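One file, run.txt, is given below (compact mmCIF, C-alpha atoms and all ligand atoms).
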```
# COMPACT_ATOMS: atom_id res chain seq x y z
CA MET A 1 22.16 -38.79 -54.63
CA THR A 2 19.48 -41.48 -54.38
CA SER A 3 16.12 -40.56 -52.85
CA ARG A 4 17.02 -42.67 -49.84
CA GLU A 5 20.24 -40.77 -49.29
CA LYS A 6 18.32 -37.52 -49.69
CA LEU A 7 15.81 -38.61 -47.07
CA PHE A 8 18.61 -39.61 -44.73
CA ASN A 9 20.32 -36.29 -45.32
CA ASN A 10 17.13 -34.32 -44.61
CA LEU A 11 16.36 -36.34 -41.50
CA THR A 12 19.88 -35.71 -40.26
CA LYS A 13 19.37 -31.97 -40.80
CA PHE A 14 16.03 -32.04 -39.03
CA PHE A 15 17.36 -34.03 -36.07
CA THR A 16 20.36 -31.69 -35.80
CA LEU A 17 18.01 -28.72 -35.45
CA ASP A 18 15.91 -30.72 -33.01
CA LEU A 19 18.95 -31.59 -30.86
CA LEU A 20 20.22 -28.01 -30.82
CA ASN A 21 16.73 -26.86 -29.88
CA GLN A 22 17.14 -28.84 -26.66
CA GLU A 23 20.57 -27.46 -25.80
CA PRO A 24 23.66 -26.04 -27.48
CA MET A 25 26.28 -28.74 -28.08
CA HIS A 26 29.55 -29.43 -29.82
CA GLY A 27 29.98 -31.38 -33.05
CA TYR A 28 31.06 -34.64 -31.48
CA LYS A 29 28.05 -34.71 -29.17
CA ILE A 30 25.74 -33.98 -32.10
CA MET A 31 27.18 -37.00 -33.92
CA LYS A 32 26.72 -39.25 -30.89
CA GLN A 33 23.13 -38.09 -30.34
CA LEU A 34 22.32 -38.56 -34.01
CA GLU A 35 23.59 -42.11 -33.75
CA ASN A 36 21.04 -42.74 -30.99
CA LEU A 37 18.23 -41.25 -33.05
CA ILE A 38 18.99 -42.65 -36.48
CA GLY A 39 20.81 -45.82 -35.49
CA LYS A 40 23.82 -44.96 -37.58
CA GLU A 41 26.67 -42.65 -36.68
CA PRO A 42 27.13 -39.95 -39.29
CA SER A 43 30.74 -39.43 -40.35
CA PRO A 44 32.49 -36.09 -39.70
CA GLY A 45 32.50 -35.73 -43.50
CA GLN A 46 28.71 -35.71 -43.40
CA ILE A 47 28.07 -33.69 -40.30
CA TYR A 48 30.46 -30.77 -40.75
CA PRO A 49 29.30 -29.74 -44.24
CA LEU A 50 25.76 -29.98 -42.88
CA LEU A 51 26.61 -27.71 -39.94
CA THR A 52 28.28 -25.27 -42.33
CA GLU A 53 25.16 -25.27 -44.48
CA LEU A 54 22.91 -24.58 -41.49
CA LYS A 55 25.27 -21.81 -40.41
CA GLU A 56 25.22 -20.22 -43.86
CA LYS A 57 21.43 -20.21 -43.68
CA SER A 58 21.72 -18.42 -40.29
CA LEU A 59 19.81 -21.24 -38.61
CA ILE A 60 22.64 -21.98 -36.18
CA GLU A 61 25.57 -20.04 -34.78
CA VAL A 62 28.91 -21.10 -33.38
CA THR A 63 30.58 -19.99 -30.18
CA GLU A 64 33.98 -21.10 -28.92
CA LYS A 65 34.27 -22.20 -25.34
CA GLY A 66 37.08 -22.97 -22.94
CA ASP A 67 40.85 -23.08 -23.36
CA ARG A 68 40.62 -25.64 -26.10
CA LYS A 69 38.22 -23.40 -28.01
CA LYS A 70 35.67 -26.13 -28.42
CA LYS A 71 33.07 -25.11 -30.96
CA ILE A 72 29.58 -25.06 -29.53
CA TYR A 73 26.66 -24.94 -31.92
CA LYS A 74 23.37 -23.34 -30.99
CA LEU A 75 20.13 -22.39 -32.72
CA THR A 76 19.57 -18.76 -33.73
CA ASN A 77 16.10 -17.20 -33.41
CA LYS A 78 15.61 -17.96 -37.08
CA GLY A 79 16.66 -21.54 -36.40
CA GLU A 80 14.16 -21.84 -33.54
CA ASN A 81 11.33 -20.62 -35.75
CA LYS A 82 12.37 -22.96 -38.53
CA HIS A 83 12.45 -25.86 -36.08
CA LYS A 84 8.98 -25.00 -34.78
CA ARG A 85 7.56 -24.86 -38.32
CA LEU A 86 9.21 -28.13 -39.28
CA VAL A 87 7.85 -29.92 -36.21
CA ASN A 88 4.33 -28.65 -36.94
CA ARG A 89 4.57 -29.68 -40.58
CA PHE A 90 5.96 -33.04 -39.62
CA ASN A 91 3.09 -33.61 -37.17
CA ASP A 92 0.55 -32.64 -39.85
CA ILE A 93 2.03 -35.09 -42.32
CA VAL A 94 2.24 -37.92 -39.85
CA SER A 95 -1.30 -37.43 -38.56
CA THR A 96 -2.59 -37.25 -42.16
CA ILE A 97 -1.04 -40.64 -42.75
CA LEU A 98 -2.16 -42.14 -39.44
CA GLU A 99 -5.65 -40.67 -38.95
CA PRO A 100 -7.52 -42.83 -41.51
CA LYS A 101 -6.28 -45.91 -39.71
CA LEU A 102 -7.86 -44.79 -36.48
CA THR A 103 -11.12 -46.35 -35.40
CA GLU A 104 -13.32 -45.24 -32.59
CA CYS A 105 -14.20 -47.25 -29.54
CA ALA A 106 -17.81 -48.40 -30.09
CA HIS A 107 -18.61 -47.57 -26.47
CA CYS A 108 -16.83 -44.38 -25.41
CA GLY A 109 -15.84 -43.01 -28.81
CA CYS A 110 -12.19 -42.47 -28.01
CA LYS A 111 -9.70 -43.09 -30.77
CA VAL A 112 -8.15 -46.52 -31.04
CA TYR A 113 -4.93 -47.17 -32.91
CA GLU A 114 -4.61 -50.43 -34.79
CA GLY A 115 -5.54 -53.30 -32.54
CA GLY A 116 -7.56 -52.21 -29.56
CA TYR A 117 -9.92 -54.74 -28.04
CA GLN A 118 -11.98 -56.59 -30.63
CA THR A 119 -14.95 -58.73 -29.82
CA LYS A 120 -18.13 -59.99 -31.44
CA VAL A 121 -21.44 -58.53 -30.36
CA ASN A 122 -24.46 -60.18 -32.00
CA ASP A 123 -22.16 -61.64 -34.64
CA LYS A 124 -20.80 -58.21 -35.48
CA LYS A 125 -17.12 -57.57 -34.94
CA LEU A 126 -16.70 -54.38 -32.94
CA VAL A 127 -13.63 -52.51 -31.77
CA PHE A 128 -13.28 -51.07 -28.27
CA CYS A 129 -10.42 -49.27 -26.57
CA CYS A 130 -10.42 -51.80 -23.74
CA LYS A 131 -12.33 -54.83 -22.43
CA HIS A 132 -14.14 -52.69 -19.87
CA CYS A 133 -15.74 -50.64 -22.61
CA ALA A 134 -16.74 -53.87 -24.36
CA ARG A 135 -18.39 -55.14 -21.17
CA HIS A 136 -20.28 -51.89 -20.61
CA TYR A 137 -21.40 -51.90 -24.22
CA LYS A 138 -22.74 -55.47 -23.99
CA LYS A 139 -24.52 -54.67 -20.74
CA GLY A 140 -26.22 -51.72 -22.31
CA ARG A 141 -27.66 -53.83 -25.12
ZN ZN A 201 -13.70 -47.03 -24.90
```
Translate this structure into structure tokens?
Ligand SMILES: [Zn+2]
Amino acid sequence: MTSREKLFNNLTKFFTLDLLNQEPMHGYKIMKQLENLIGKEPSPGQIYPLLTELKEKSLIEVTEKGDRKKKIYKLTNKGENKHKRLVNRFNDIVSTILEPKLTECAHCGCKVYEGGYQTKVNDKKLVFCCKHCARHYKKGR
């Protein structure tokens, strides 16, 4: 497996837990929702071994519903905890990557993602969150 395939595989696992955290659903719906999230529909050959793996780890459980005995997958308590931990870890990683790129508005101090409102004050390029802050800042000089 290439590292890209591994990443894709792990993302698919994560998103599956994330989807089932919202509501229990059957395999076909999981596939359709994953397509929306990842932009590529996973094949049944990908998704069912993955669901089996999650089930073996007791992260999800299966119930059968209706006359046609449709299999509905849902998170177990263990799965919910795992999902919570993964989301927290994911947020930590993403903010670690993004934080250094943040600048602060020179007027109000709020955090500005790349871009913001840039203008020159006394030949110095400053970044503000919006043009109103820039105007206030210039007035206060
Ligand atoms: Zn501001």
* Using all atoms listed in the file, which of A:Lys78, A:His26, A:Lys71, A:Lys84 sits nearest Glu56 (chain A)? ->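 The answer is A:Lys78, which sits nearest to Glu56 (chain A).
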* Selected residue of minimal separation from ligand ZN 201 (chain A) among A:Lys70, A:Arg141, A:Lys111, A:Lys125, counting all atoms listed in the file ->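 Counting all atoms listed in the file, the residue closest to ligand ZN 201 (chain A) is A:Lys111.
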* Which residue of A:Leu54, A:Tyr73, A:Ala106, A:Pro44 approaches Leu19 (chain A) most closely, using all atoms listed in the file -> A:Tyr73
* **Distance of CA of Pro42 (chain A) from CA of Glu80 (chain A), expressed in Å to one decimal place** => 23.0 Å
* Asked: Using only C-alpha atoms and all ligand atoms, which of the listed residues (A:Lys139, A:Lys120, A:Lys6, A:His107) sits closest to ligand ZN 201 (chain A)?
  ->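 Smallest separation from ligand ZN 201 (chain A) among the options: A:His107.
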* To do: Return as a ChimeraX atom specification every polymer residue, whether protein, DNA or RNA, with at least one atom no more than 7 Å from an atom of ligand ZN 201 (chain A); count all atoms listed in the file.
  => /A:105-110,128-130,133
Keeping only C-alpha atoms, take the residues you just selected and write them out as a JSON list (two decimals), in the frame of the given file.
```
[["chain", "number", "residue", "atom", "x", "y", "z"],
["A", 105, "CYS", "CA", -14.20, -47.25, -29.54],
["A", 106, "ALA", "CA", -17.81, -48.40, -30.09],
["A", 107, "HIS", "CA", -18.61, -47.57, -26.47],
["A", 108, "CYS", "CA", -16.83, -44.38, -25.41],
["A", 109, "GLY", "CA", -15.84, -43.01, -28.81],
["A", 110, "CYS", "CA", -12.19, -42.47, -28.01],
["A", 128, "PHE", "CA", -13.28, -51.07, -28.27],
["A", 129, "CYS", "CA", -10.42, -49.27, -26.57],
["A", 130, "CYS", "CA", -10.42, -51.80, -23.74],
["A", 133, "CYS", "CA", -15.74, -50.64, -22.61]]
```
* Pick out the residues sitting within 7 Å of Thr76 (chain A), and hand them over as a VMD selection string; count all atoms listed in the file, and ignore anything fewer than 4 positions along from it in its own chain. => chain A and resid 58 to 61 80
* Compare A:Gln46, A:Tyr28, A:Lys55, A:Lys138 by their minimum atom-to-atom distance to Glu5 (chain A), counting all atoms listed in the file, and give me the closest one. => A:Gln46
* **Separation of CA of Lys65 (chain A) from CA of Phe14 (chain A) in Å** => 24.8 Å
* Which neighbours of His83 (chain A) fall inside 10 Å, counting all atoms listed in the file, when residues of the same chain fewer than 6 positions from it are skipped, and could you give them as a PyMOL selection string? -> chain A and resi 14-18+20-21+59+75+77+89
